[in-house]
$ cat structure_35.cif   # mmCIF, C-alpha atoms
data_model
loop_
_atom_site.group_PDB
_atom_site.id
_atom_site.type_symbol
_atom_site.label_atom_id
_atom_site.label_comp_id
_atom_site.auth_asym_id
_atom_site.auth_seq_id
_atom_site.Cartn_x
_atom_site.Cartn_y
_atom_site.Cartn_z
ATOM 1 C CA MET A 192 0.000 0.000 0.000
ATOM 2 C CA LYS A 193 1.334 3.418 -0.957
ATOM 3 C CA LYS A 194 2.664 5.858 1.598
ATOM 4 C CA HIS A 195 3.008 9.582 1.072
ATOM 5 C CA GLN A 196 4.893 12.211 3.051
ATOM 6 C CA ALA A 197 1.958 14.401 4.079
ATOM 7 C CA GLY A 198 3.916 16.802 6.252
ATOM 8 C CA ARG A 199 6.799 17.090 8.670
ATOM 9 C CA GLY A 200 6.961 13.959 10.777
ATOM 10 C CA SER A 201 3.799 12.415 9.299
ATOM 11 C CA VAL A 202 3.223 9.782 6.648
ATOM 12 C CA GLU A 203 -0.059 9.564 4.774
ATOM 13 C CA GLN A 204 -1.200 6.009 4.158
ATOM 14 C CA ALA A 205 -3.152 5.099 1.048
ATOM 15 C CA GLN A 206 -6.416 3.238 1.470
ATOM 16 C CA GLN A 207 -7.928 0.564 -0.734
ATOM 17 C CA TYR A 208 -10.979 1.473 -2.779
ATOM 18 C CA TYR A 209 -12.757 -0.152 -5.686
ATOM 19 C CA LEU A 210 -14.036 1.300 -8.915
ATOM 20 C CA VAL A 211 -17.406 -0.375 -9.430
ATOM 21 C CA GLU A 212 -19.338 -0.754 -12.657
ATOM 22 C CA PRO A 213 -22.074 -0.651 -13.709
ATOM 23 C CA ARG A 214 -22.842 2.150 -11.309
ATOM 24 C CA HIS A 215 -26.489 1.172 -10.857
ATOM 25 C CA LEU A 216 -25.330 -1.922 -8.925
ATOM 26 C CA ALA A 217 -22.676 -0.173 -6.803
ATOM 27 C CA GLY A 218 -24.736 0.204 -3.600
ATOM 28 C CA GLY A 219 -25.778 3.338 -1.769
ATOM 29 C CA GLY A 220 -22.467 5.052 -1.019
ATOM 30 C CA ASP A 221 -21.771 8.065 1.198
ATOM 31 C CA VAL A 222 -24.860 10.286 1.592
ATOM 32 C CA ARG A 223 -22.603 13.296 2.175
ATOM 33 C CA HIS A 224 -22.068 13.274 -1.587
ATOM 34 C CA VAL A 225 -25.611 14.648 -1.815
ATOM 35 C CA GLY A 226 -25.908 16.561 1.468
ATOM 36 C CA GLU A 227 -22.657 18.523 1.276
ATOM 37 C CA PHE A 228 -23.486 19.675 -2.247
ATOM 38 C CA LEU A 229 -26.901 20.942 -1.184
ATOM 39 C CA ARG A 230 -25.398 22.774 1.806
ATOM 40 C CA ALA A 231 -22.748 24.379 -0.406
ATOM 41 C CA SER A 232 -25.512 25.394 -2.829
ATOM 42 C CA GLY A 233 -27.226 27.449 -0.129
ATOM 43 C CA TRP A 234 -29.794 24.929 1.050
ATOM 44 C CA THR A 235 -30.781 24.951 4.730
ATOM 45 C CA ASP A 236 -29.643 21.931 6.729
ATOM 46 C CA ARG A 237 -32.452 21.001 9.115
ATOM 47 C CA SER A 238 -30.986 17.627 10.075
ATOM 48 C CA LYS A 239 -30.923 16.723 13.743
ATOM 49 C CA LYS A 240 -27.899 15.112 15.353
ATOM 50 C CA ASP A 241 -27.999 11.348 14.869
ATOM 51 C CA GLY A 242 -31.292 11.736 13.016
ATOM 52 C CA PRO A 243 -32.511 11.759 9.409
ATOM 53 C CA LEU A 244 -30.900 14.040 6.845
ATOM 54 C CA VAL A 245 -33.172 16.980 5.937
ATOM 55 C CA PHE A 246 -32.448 19.884 3.562
ATOM 56 C CA ASP A 247 -34.763 22.692 2.448
ATOM 57 C CA SER A 248 -34.262 24.724 -0.719
ATOM 58 C CA PRO A 249 -33.640 28.476 -0.323
ATOM 59 C CA ASP A 250 -37.226 29.227 -1.406
ATOM 60 C CA ARG A 251 -38.577 26.398 0.800
ATOM 61 C CA ALA A 252 -40.322 24.895 -2.222
ATOM 62 C CA VAL A 253 -38.428 21.587 -2.096
ATOM 63 C CA ARG A 254 -37.358 19.333 0.770
ATOM 64 C CA VAL A 255 -34.809 16.514 0.430
ATOM 65 C CA GLY A 256 -34.630 13.899 3.166
ATOM 66 C CA TYR A 257 -32.759 10.687 3.840
ATOM 67 C CA ASP A 258 -33.864 8.369 6.635
ATOM 68 C CA PRO A 259 -31.865 5.189 7.307
ATOM 69 C CA PHE A 260 -33.671 4.484 10.565
ATOM 70 C CA THR A 261 -37.056 3.383 9.197
ATOM 71 C CA GLN A 262 -38.097 0.532 6.930
ATOM 72 C CA PRO A 263 -37.667 0.484 4.043
ATOM 73 C CA GLY A 264 -35.897 3.830 4.513
ATOM 74 C CA GLY A 265 -34.096 5.857 1.895
ATOM 75 C CA TRP A 266 -34.595 9.185 0.122
ATOM 76 C CA THR A 267 -37.767 11.279 -0.017
ATOM 77 C CA ILE A 268 -38.002 14.451 -2.076
ATOM 78 C CA ARG A 269 -41.059 16.711 -2.018
ATOM 79 C CA GLY A 270 -41.880 19.690 -4.190
ATOM 80 C CA THR A 271 -44.696 22.037 -3.157
ATOM 81 C CA ALA A 272 -47.209 23.372 -5.649
ATOM 82 C CA THR A 273 -46.483 26.710 -7.345
ATOM 83 C CA ARG A 274 -48.212 28.732 -10.054
ATOM 84 C CA GLN A 275 -46.158 26.975 -12.697
ATOM 85 C CA GLN A 276 -45.789 23.529 -11.116
ATOM 86 C CA GLU A 277 -48.070 21.034 -9.402
ATOM 87 C CA ALA A 278 -46.931 19.356 -6.186
ATOM 88 C CA TRP A 279 -44.743 16.323 -6.718
ATOM 89 C CA TYR A 280 -43.086 13.573 -4.704
ATOM 90 C CA ALA A 281 -40.223 11.108 -5.148
ATOM 91 C CA THR A 282 -38.893 8.148 -3.168
ATOM 92 C CA LEU A 283 -35.577 6.397 -3.759
ATOM 93 C CA GLY A 284 -34.447 3.269 -1.925
ATOM 94 C CA ARG A 285 -31.479 3.430 0.425
ATOM 95 C CA GLN A 286 -29.319 1.362 -1.952
ATOM 96 C CA THR A 287 -29.798 3.837 -4.789
ATOM 97 C CA PRO A 288 -26.220 4.945 -5.564
ATOM 98 C CA VAL A 289 -25.636 8.471 -4.291
ATOM 99 C CA GLU A 290 -24.094 9.452 -7.617
ATOM 100 C CA ILE A 291 -27.428 8.669 -9.290
ATOM 101 C CA VAL A 292 -29.428 10.391 -6.534
ATOM 102 C CA ALA A 293 -27.186 13.428 -7.046
ATOM 103 C CA GLY A 294 -28.142 13.495 -10.703
ATOM 104 C CA PHE A 295 -31.606 14.454 -9.469
ATOM 105 C CA THR A 296 -30.751 16.578 -6.419
ATOM 106 C CA ASP A 297 -27.911 18.519 -8.075
ATOM 107 C CA ALA A 298 -30.378 19.543 -10.785
ATOM 108 C CA LEU A 299 -32.616 21.020 -8.073
ATOM 109 C CA THR A 300 -29.935 23.661 -7.479
ATOM 110 C CA ARG A 301 -29.660 24.732 -11.123
ATOM 111 C CA PRO A 302 -32.001 26.842 -13.275
ATOM 112 C CA ARG A 303 -33.999 24.995 -15.890
ATOM 113 C CA SER A 304 -32.622 24.786 -19.392
ATOM 114 C CA ALA A 305 -34.500 26.535 -22.179
ATOM 115 C CA HIS A 306 -34.529 23.262 -24.117
ATOM 116 C CA ALA A 307 -37.435 20.854 -23.743
ATOM 117 C CA PRO A 308 -36.315 17.962 -21.501
ATOM 118 C CA ASN A 309 -36.335 14.378 -22.748
ATOM 119 C CA VAL A 310 -36.027 11.655 -20.103
ATOM 120 C CA TRP A 311 -35.327 8.931 -22.660
ATOM 121 C CA ALA A 312 -32.600 10.675 -24.664
ATOM 122 C CA PRO A 313 -29.676 10.039 -22.236
ATOM 123 C CA LEU A 314 -30.681 6.369 -22.043
ATOM 124 C CA GLN A 315 -30.972 5.876 -25.785
ATOM 125 C CA GLU A 316 -27.597 7.568 -26.276
ATOM 126 C CA ARG A 317 -26.098 4.845 -24.052
ATOM 127 C CA ASP A 318 -27.776 2.002 -25.962
ATOM 128 C CA TRP A 319 -30.592 1.339 -23.509
ATOM 129 C CA LYS A 320 -33.324 -0.644 -25.245
ATOM 130 C CA THR A 321 -36.689 1.138 -25.297
ATOM 131 C CA GLU A 322 -40.068 -0.496 -25.741
ATOM 132 C CA ARG A 323 -43.457 1.117 -26.165
ATOM 133 C CA GLY A 324 -46.359 -0.941 -24.867
ATOM 134 C CA ARG A 325 -48.851 -0.372 -22.116
ATOM 135 C CA HIS A 326 -45.873 1.111 -20.263
ATOM 136 C CA PHE A 327 -43.012 2.894 -21.980
ATOM 137 C CA THR A 328 -39.821 1.163 -20.750
ATOM 138 C CA ALA A 329 -36.062 1.478 -21.188
ATOM 139 C CA MET A 330 -33.745 -1.396 -20.197
ATOM 140 C CA SER A 331 -30.007 -1.094 -19.546
ATOM 141 C CA PRO A 332 -27.620 -2.984 -21.868
ATOM 142 C CA ASP A 333 -26.818 -5.457 -19.068
ATOM 143 C CA GLY A 334 -30.522 -6.046 -18.398
ATOM 144 C CA ASN A 335 -30.190 -5.183 -14.699
ATOM 145 C CA ALA A 336 -31.730 -1.699 -14.588
ATOM 146 C CA PHE A 337 -34.853 -0.130 -16.055
ATOM 147 C CA VAL A 338 -36.787 3.108 -16.372
ATOM 148 C CA GLN A 339 -40.538 2.908 -16.901
ATOM 149 C CA PHE A 340 -43.375 5.349 -17.251
ATOM 150 C CA HIS A 341 -45.936 3.117 -15.573
ATOM 151 C CA GLN A 342 -49.580 3.687 -16.462
ATOM 152 C CA ALA A 343 -51.657 1.727 -13.976
ATOM 153 C CA GLY A 344 -55.056 2.952 -15.098
ATOM 154 C CA ALA A 345 -57.114 5.994 -15.995
ATOM 155 C CA GLY A 346 -55.471 8.986 -14.361
ATOM 156 C CA GLU A 347 -52.955 6.777 -12.565
ATOM 157 C CA ALA A 348 -49.350 6.961 -13.671
ATOM 158 C CA PHE A 349 -45.884 7.261 -12.185
ATOM 159 C CA TRP A 350 -42.225 6.908 -13.084
ATOM 160 C CA TRP A 351 -40.624 3.703 -11.836
ATOM 161 C CA VAL A 352 -36.879 3.106 -11.887
ATOM 162 C CA GLY A 353 -34.966 0.190 -10.407
ATOM 163 C CA ALA A 354 -32.058 -2.229 -10.490
ATOM 164 C CA ARG A 355 -31.786 -5.954 -9.813
ATOM 165 C CA THR A 356 -29.014 -8.493 -9.243
ATOM 166 C CA GLU A 357 -28.991 -12.294 -9.066
ATOM 167 C CA HIS A 358 -30.045 -11.867 -5.435
ATOM 168 C CA GLY A 359 -33.208 -9.965 -6.353
ATOM 169 C CA ARG A 360 -34.280 -6.360 -5.934
ATOM 170 C CA ASN A 361 -31.421 -3.936 -5.326
ATOM 171 C CA TRP A 362 -33.238 -0.600 -5.284
ATOM 172 C CA ASP A 363 -36.338 1.122 -6.603
ATOM 173 C CA ALA A 364 -37.266 4.747 -7.185
ATOM 174 C CA HIS A 365 -40.725 6.211 -7.786
ATOM 175 C CA PHE A 366 -41.632 9.681 -9.043
ATOM 176 C CA THR A 367 -45.134 11.128 -9.316
ATOM 177 C CA PRO A 368 -46.121 12.217 -12.834
ATOM 178 C CA GLY A 369 -45.882 15.894 -11.856
ATOM 179 C CA THR A 370 -42.155 15.588 -11.151
ATOM 180 C CA PRO A 371 -40.385 18.233 -13.298
ATOM 181 C CA MET A 372 -39.116 16.581 -16.445
ATOM 182 C CA HIS A 373 -35.732 18.309 -16.393
ATOM 183 C CA LEU A 374 -35.041 16.673 -13.027
ATOM 184 C CA LEU A 375 -35.950 13.261 -14.412
ATOM 185 C CA GLN A 376 -33.732 13.828 -17.436
ATOM 186 C CA SER A 377 -30.800 14.682 -15.162
ATOM 187 C CA PHE A 378 -31.545 11.553 -13.130
ATOM 188 C CA SER A 379 -31.626 9.334 -16.221
ATOM 189 C CA ALA A 380 -28.352 10.853 -17.440
ATOM 190 C CA ALA A 381 -26.671 9.992 -14.129
ATOM 191 C CA LEU A 382 -28.184 6.510 -14.258
ATOM 192 C CA ALA A 383 -26.888 5.837 -17.771
ATOM 193 C CA ASP A 384 -23.439 7.351 -17.148
ATOM 194 C CA PRO A 385 -20.940 4.567 -18.011
ATOM 195 C CA ARG A 386 -18.229 5.839 -15.653
ATOM 196 C CA PRO A 387 -17.600 3.610 -12.608
ATOM 197 C CA VAL A 388 -18.124 4.918 -9.081
ATOM 198 C CA MET A 389 -15.787 4.428 -6.146
ATOM 199 C CA ARG A 390 -16.534 2.457 -2.999
ATOM 200 C CA PRO A 391 -14.280 1.701 -0.008
ATOM 201 C CA ARG A 392 -13.245 -1.817 0.847
ATOM 202 C CA GLY A 393 -16.067 -3.645 2.589
ATOM 203 C CA HIS A 394 -18.782 -1.597 0.851
ATOM 204 C CA VAL A 395 -18.923 -3.356 -2.504
ATOM 205 C CA PRO A 396 -22.161 -5.350 -2.919
ATOM 206 C CA PRO A 397 -21.740 -9.105 -3.374
ATOM 207 C CA SER A 398 -22.779 -9.727 -6.956
ATOM 208 C CA ASP A 399 -21.365 -11.550 -9.953
ATOM 209 C CA ARG A 400 -22.910 -8.866 -12.159
ATOM 210 C CA ILE A 401 -20.517 -6.094 -11.154
ATOM 211 C CA ARG A 402 -16.933 -5.477 -12.207
ATOM 212 C CA THR A 403 -14.391 -3.999 -9.822
ATOM 213 C CA THR A 404 -10.945 -2.472 -10.153
ATOM 214 C CA SER A 405 -8.832 -2.090 -7.027
ATOM 215 C CA VAL A 406 -7.202 1.334 -6.551
ATOM 216 C CA SER A 407 -5.112 2.895 -3.777
ATOM 217 C CA VAL A 408 -6.288 6.351 -2.735
ATOM 218 C CA LEU A 409 -4.618 8.807 -0.389
ATOM 219 C CA PRO A 410 -6.927 10.575 2.082
ATOM 220 C CA SER A 411 -5.682 13.897 0.711
ATOM 221 C CA GLN A 412 -6.697 12.856 -2.795
ATOM 222 C CA LEU A 413 -10.147 11.839 -1.649
ATOM 223 C CA GLY A 414 -10.528 15.102 0.258
ATOM 224 C CA ALA A 415 -9.447 17.109 -2.790
ATOM 225 C CA TRP A 416 -12.012 15.381 -5.013
ATOM 226 C CA GLN A 417 -14.768 16.011 -2.491
ATOM 227 C CA GLN A 418 -13.702 19.629 -2.027
ATOM 228 C CA ALA A 419 -13.739 20.243 -5.772
ATOM 229 C CA ARG A 420 -17.403 19.247 -5.892
ATOM 230 C CA ILE A 421 -18.237 21.525 -2.946
ATOM 231 C CA THR A 422 -16.267 24.418 -4.441
ATOM 232 C CA ALA A 423 -18.153 24.070 -7.725
ATOM 233 C CA ALA A 424 -21.479 24.182 -5.850
ATOM 234 C CA ARG A 425 -20.447 27.308 -3.928
ATOM 235 C CA ALA A 426 -19.262 29.039 -7.096
ATOM 236 C CA ALA A 427 -22.546 28.293 -8.867
ATOM 237 C CA ALA A 428 -24.554 29.524 -5.857
ATOM 238 C CA TRP A 429 -22.497 32.728 -5.714
ATOM 239 C CA ALA A 430 -23.040 33.325 -9.445
ATOM 240 C CA ARG A 431 -26.801 32.828 -9.110
ATOM 241 C CA ASN A 432 -27.051 35.130 -6.107
ATOM 242 C CA SER A 433 -24.911 37.803 -7.771
ATOM 243 C CA TRP A 434 -27.035 37.716 -10.906
ATOM 244 C CA ALA A 435 -30.267 37.879 -8.888
ATOM 245 C CA SER A 436 -29.069 40.813 -6.773
ATOM 246 C CA SER A 437 -27.893 42.761 -9.846
ATOM 247 C CA ARG A 438 -31.243 42.517 -11.643
ATOM 248 C CA PRO A 439 -33.182 45.786 -11.548
ATOM 249 C CA ARG A 440 -36.362 45.530 -9.520
ATOM 250 C CA PRO A 441 -39.506 46.237 -11.616
ATOM 251 C CA HIS A 442 -40.827 49.004 -9.354
ATOM 252 C CA ALA A 443 -37.400 50.648 -9.224
ATOM 253 C CA THR A 444 -37.126 50.592 -13.029
ATOM 254 C CA ALA A 445 -40.595 52.048 -13.419
ATOM 255 C CA GLY A 446 -39.841 54.813 -10.933
ATOM 256 C CA HIS A 447 -36.646 55.680 -12.751
ATOM 257 C CA ALA A 448 -38.537 55.903 -16.033
ATOM 258 C CA ARG A 449 -41.140 58.275 -14.506
ATOM 259 C CA ALA A 450 -38.415 60.476 -13.072
ATOM 260 C CA ARG A 451 -36.924 61.004 -16.536
ATOM 261 C CA ARG A 452 -40.200 62.257 -18.040
#

$ encode --input "structure_35.cif" --output "structure tokens"
Amino acid sequence: MKKHQAGRGSVEQAQQYYLVEPRHLAGGGDVRHVGEFLRASGWTDRSKKDGPLVFDSPDRAVRVGYDPFTQPGGWTIRGTATRQQEAWYATLGRQTPVEIVAGFTDALTRPRSAHAPNVWAPLQERDWKTERGRHFTAMSPDGNAFVQFHQAGAGEAFWWVGARTEHGRNWDAHFTPGTPMHLLQSFSAALADPRPVMRPRGHVPPSDRIRTTSVSVLPSQLGAWQQARITAARAAAWARNSWASSRPRPHATAGHARARR
């Protein structure tokens, strides 16, 4: 195992990690990957010590929670109704990889694109097989993950996403039909991303359907990677706040126009 001179009189010891692919079978991972990004993006941390993770958006329109203490436990995300958007709700099982969860939650911190979202496009670009029947479904190339717009009956529909191994169900995610489409597109892009994700030794799920590559990682390297993600979130939040504060207020603009007459 590698050693690195971290400072005077100290030696930094590398730790064993594994690159796991496909990512949809990698297991839950470290929830701080999601929580620290939301905090750095200006979200309010309402989590209690030794309790569930809870974050509220700056406008209090969305709440993200993670509860490992209940059954089945996992992620819950709620969006309140607005003039432009109906209320919506999402649940993601505790073994949903945090990198895939972050595809959804990171998008909550960004403004919507002007382009019309397409949930299926990122999947089709990665050779997921799509079928149109009673339910519109996309299946991963390895056959172990799926995305489905499930139509149960008249006026009853929801998005259903999940992954399976030889041991059975790995994780499921459900989204109400009112869930903003750009969030679902970001989620599907993270799901279809072919890049492996990293897990520490002892946290790789037992499955013959995953591939692993052993790597040695210094704590300083891991910290730098995590900090880069946080720094990017802070920079984006600062840019949004600066732009918002520099916009002229409508009543101020109108008053200025009257004063010039």

$ atom_distance --input "structure_35.cif" --atom1 "CA of Arg323 (chain A)" --atom2 "CA of Arg214 (chain A)"
25.4 Å

$ residues_around --input "structure_35.cif" --residues "Trp351 (chain A)" --least-positions-apart "6" --cutoff "6 Å" --atoms "all atoms listed in the file" --output "list in words"
Val338, Gln339, Ala364 and His365 of chain A

$ residues_around --input "structure_35.cif" --residues "region 314-319 of chain A" --least-positions-apart "4" --cutoff "6 Å" --atoms "all atoms listed in the file" --output "number ranges by chain"
A: 329-332, 383

$ resolve_selection --input "structure_35.cif" --expression "the PyMOL selection byres ((chain A and resi 271) around 12)" --output "list in words"
Asp247, Ser248, Asp250, Arg251, Ala252, Val253, Arg254, Val255, Ile268, Arg269, Gly270, Ala272, Thr273, Arg274, Gln275, Gln276, Glu277, Ala278, Trp279, Tyr280, Ala281, Gly369, Thr370 and Pro371 of chain A

$ atom_distance --input "structure_35.cif" --atom1 "CA of Gly344 (chain A)" --atom2 "CA of Arg325 (chain A)"
9.9 Å

$ closest_residue --input "structure_35.cif" --among "A:Trp311, A:Phe228, A:Phe295, A:Phe378" --to "Arg420 (chain A)" --atoms "only C-alpha atoms"
A:Phe228

$ residues_around --input "structure_35.cif" --residues "Tyr257 (chain A)" --least-positions-apart "3" --cutoff "10 Å" --atoms "only C-alpha atoms" --output "number ranges by chain"
A: 222, 225-226, 238, 242-246, 260, 264-268, 282-285

$ closest_residue --input "structure_35.cif" --among "A:Asp258, A:Asp363, A:Glu357, A:Asp236" --to "Ser398 (chain A)" --atoms "only C-alpha atoms"
A:Glu357

$ residues_near_point --input "structure_35.cif" --point "(-22.8, 6.4, -9.3)" --cutoff "8 Å" --atoms "all atoms listed in the file" --output "list in words"
Arg214, His215, Ala217, Pro288, Val289, Glu290, Ile291, Ala381, Leu382, Asp384, Arg386, Pro387, Val388 and Met389 of chain A

$ residues_around --input "structure_35.cif" --residues "Ile421 (chain A)" --least-positions-apart "6" --cutoff "9 Å" --atoms "only C-alpha atoms" --output "NGL selection string"
:A and (227-232)

$ atom_distance --input "structure_35.cif" --atom1 "CA of Thr321 (chain A)" --atom2 "CA of Pro397 (chain A)"
28.4 Å

$ closest_residue --input "structure_35.cif" --among "A:Asp399, A:His373, A:Thr235, A:Glu212" --to "Ala305 (chain A)" --atoms "only C-alpha atoms"
A:His373

$ decode --input "structure_35.cif" --residues "region 282-292 of chain A" --atoms "all heavy atoms" --output "PDB file, in the first residue's frame"
ATOM      1  N   THR A 282     -39.534   9.004  -4.161  1.00  0.00           N
ATOM      2  CA  THR A 282     -38.893   8.148  -3.168  1.00  0.00           C
ATOM      3  C   THR A 282     -37.819   7.324  -3.869  1.00  0.00           C
ATOM      4  O   THR A 282     -38.039   6.822  -4.976  1.00  0.00           O
ATOM      5  CB  THR A 282     -39.894   7.199  -2.490  1.00  0.00           C
ATOM      6  OG1 THR A 282     -40.496   6.343  -3.470  1.00  0.00           O
ATOM      7  CG2 THR A 282     -40.990   7.988  -1.776  1.00  0.00           C
ATOM      8  N   LEU A 283     -36.677   7.174  -3.208  1.00  0.00           N
ATOM      9  CA  LEU A 283     -35.577   6.397  -3.759  1.00  0.00           C
ATOM     10  C   LEU A 283     -35.033   5.505  -2.648  1.00  0.00           C
ATOM     11  O   LEU A 283     -34.741   5.987  -1.546  1.00  0.00           O
ATOM     12  CB  LEU A 283     -34.462   7.295  -4.295  1.00  0.00           C
ATOM     13  CG  LEU A 283     -34.860   8.320  -5.375  1.00  0.00           C
ATOM     14  CD1 LEU A 283     -35.222   9.659  -4.735  1.00  0.00           C
ATOM     15  CD2 LEU A 283     -33.730   8.537  -6.365  1.00  0.00           C
ATOM     16  N   GLY A 284     -34.906   4.209  -2.926  1.00  0.00           N
ATOM     17  CA  GLY A 284     -34.447   3.269  -1.925  1.00  0.00           C
ATOM     18  C   GLY A 284     -33.051   3.574  -1.410  1.00  0.00           C
ATOM     19  O   GLY A 284     -32.246   4.211  -2.094  1.00  0.00           O
ATOM     20  N   ARG A 285     -32.747   3.085  -0.224  1.00  0.00           N
ATOM     21  CA  ARG A 285     -31.479   3.430   0.425  1.00  0.00           C
ATOM     22  C   ARG A 285     -30.266   2.904  -0.330  1.00  0.00           C
ATOM     23  O   ARG A 285     -29.160   3.424  -0.165  1.00  0.00           O
ATOM     24  CB  ARG A 285     -31.465   2.921   1.866  1.00  0.00           C
ATOM     25  CG  ARG A 285     -31.418   1.418   2.016  1.00  0.00           C
ATOM     26  CD  ARG A 285     -31.217   1.027   3.480  1.00  0.00           C
ATOM     27  NE  ARG A 285     -32.393   1.326   4.281  1.00  0.00           N
ATOM     28  CZ  ARG A 285     -32.388   1.353   5.617  1.00  0.00           C
ATOM     29  NH1 ARG A 285     -31.282   1.124   6.276  1.00  0.00           N
ATOM     30  NH2 ARG A 285     -33.507   1.595   6.282  1.00  0.00           N
ATOM     31  N   GLN A 286     -30.440   1.879  -1.173  1.00  0.00           N
ATOM     32  CA  GLN A 286     -29.319   1.362  -1.952  1.00  0.00           C
ATOM     33  C   GLN A 286     -29.193   2.022  -3.324  1.00  0.00           C
ATOM     34  O   GLN A 286     -28.372   1.603  -4.140  1.00  0.00           O
ATOM     35  CB  GLN A 286     -29.445  -0.156  -2.108  1.00  0.00           C
ATOM     36  CG  GLN A 286     -29.178  -0.931  -0.828  1.00  0.00           C
ATOM     37  CD  GLN A 286     -27.792  -0.634  -0.260  1.00  0.00           C
ATOM     38  OE1 GLN A 286     -26.804  -0.635  -0.985  1.00  0.00           O
ATOM     39  NE2 GLN A 286     -27.723  -0.369   1.039  1.00  0.00           N
ATOM     40  N   THR A 287     -29.985   3.066  -3.563  1.00  0.00           N
ATOM     41  CA  THR A 287     -29.798   3.837  -4.789  1.00  0.00           C
ATOM     42  C   THR A 287     -28.444   4.534  -4.712  1.00  0.00           C
ATOM     43  O   THR A 287     -28.195   5.283  -3.763  1.00  0.00           O
ATOM     44  CB  THR A 287     -30.902   4.891  -4.963  1.00  0.00           C
ATOM     45  OG1 THR A 287     -32.187   4.294  -4.793  1.00  0.00           O
ATOM     46  CG2 THR A 287     -30.806   5.546  -6.327  1.00  0.00           C
ATOM     47  N   PRO A 288     -27.542   4.319  -5.645  1.00  0.00           N
ATOM     48  CA  PRO A 288     -26.220   4.945  -5.564  1.00  0.00           C
ATOM     49  C   PRO A 288     -26.317   6.462  -5.450  1.00  0.00           C
ATOM     50  O   PRO A 288     -27.090   7.098  -6.178  1.00  0.00           O
ATOM     51  CB  PRO A 288     -25.550   4.516  -6.877  1.00  0.00           C
ATOM     52  CG  PRO A 288     -26.192   3.205  -7.190  1.00  0.00           C
ATOM     53  CD  PRO A 288     -27.632   3.374  -6.782  1.00  0.00           C
ATOM     54  N   VAL A 289     -25.542   7.028  -4.537  1.00  0.00           N
ATOM     55  CA  VAL A 289     -25.636   8.471  -4.291  1.00  0.00           C
ATOM     56  C   VAL A 289     -25.279   9.277  -5.527  1.00  0.00           C
ATOM     57  O   VAL A 289     -25.783  10.401  -5.700  1.00  0.00           O
ATOM     58  CB  VAL A 289     -24.738   8.897  -3.105  1.00  0.00           C
ATOM     59  CG1 VAL A 289     -25.261   8.311  -1.799  1.00  0.00           C
ATOM     60  CG2 VAL A 289     -23.277   8.494  -3.332  1.00  0.00           C
ATOM     61  N   GLU A 290     -24.442   8.729  -6.396  1.00  0.00           N
ATOM     62  CA  GLU A 290     -24.094   9.452  -7.617  1.00  0.00           C
ATOM     63  C   GLU A 290     -25.306   9.594  -8.535  1.00  0.00           C
ATOM     64  O   GLU A 290     -25.417  10.565  -9.287  1.00  0.00           O
ATOM     65  CB  GLU A 290     -22.957   8.734  -8.346  1.00  0.00           C
ATOM     66  CG  GLU A 290     -21.650   8.679  -7.577  1.00  0.00           C
ATOM     67  CD  GLU A 290     -21.584   7.547  -6.546  1.00  0.00           C
ATOM     68  OE1 GLU A 290     -22.569   6.771  -6.428  1.00  0.00           O
ATOM     69  OE2 GLU A 290     -20.547   7.434  -5.871  1.00  0.00           O
ATOM     70  N   ILE A 291     -26.210   8.608  -8.488  1.00  0.00           N
ATOM     71  CA  ILE A 291     -27.428   8.669  -9.290  1.00  0.00           C
ATOM     72  C   ILE A 291     -28.457   9.572  -8.601  1.00  0.00           C
ATOM     73  O   ILE A 291     -29.147  10.352  -9.263  1.00  0.00           O
ATOM     74  CB  ILE A 291     -27.976   7.253  -9.527  1.00  0.00           C
ATOM     75  CG1 ILE A 291     -26.945   6.427 -10.326  1.00  0.00           C
ATOM     76  CG2 ILE A 291     -29.307   7.294 -10.261  1.00  0.00           C
ATOM     77  CD1 ILE A 291     -27.332   4.980 -10.530  1.00  0.00           C
ATOM     78  N   VAL A 292     -28.566   9.477  -7.278  1.00  0.00           N
ATOM     79  CA  VAL A 292     -29.428  10.391  -6.534  1.00  0.00           C
ATOM     80  C   VAL A 292     -29.008  11.833  -6.811  1.00  0.00           C
ATOM     81  O   VAL A 292     -29.843  12.719  -7.038  1.00  0.00           O
ATOM     82  CB  VAL A 292     -29.361  10.113  -5.019  1.00  0.00           C
ATOM     83  CG1 VAL A 292     -30.192  11.135  -4.246  1.00  0.00           C
ATOM     84  CG2 VAL A 292     -29.827   8.703  -4.701  1.00  0.00           C
TER      85      VAL A 292
END
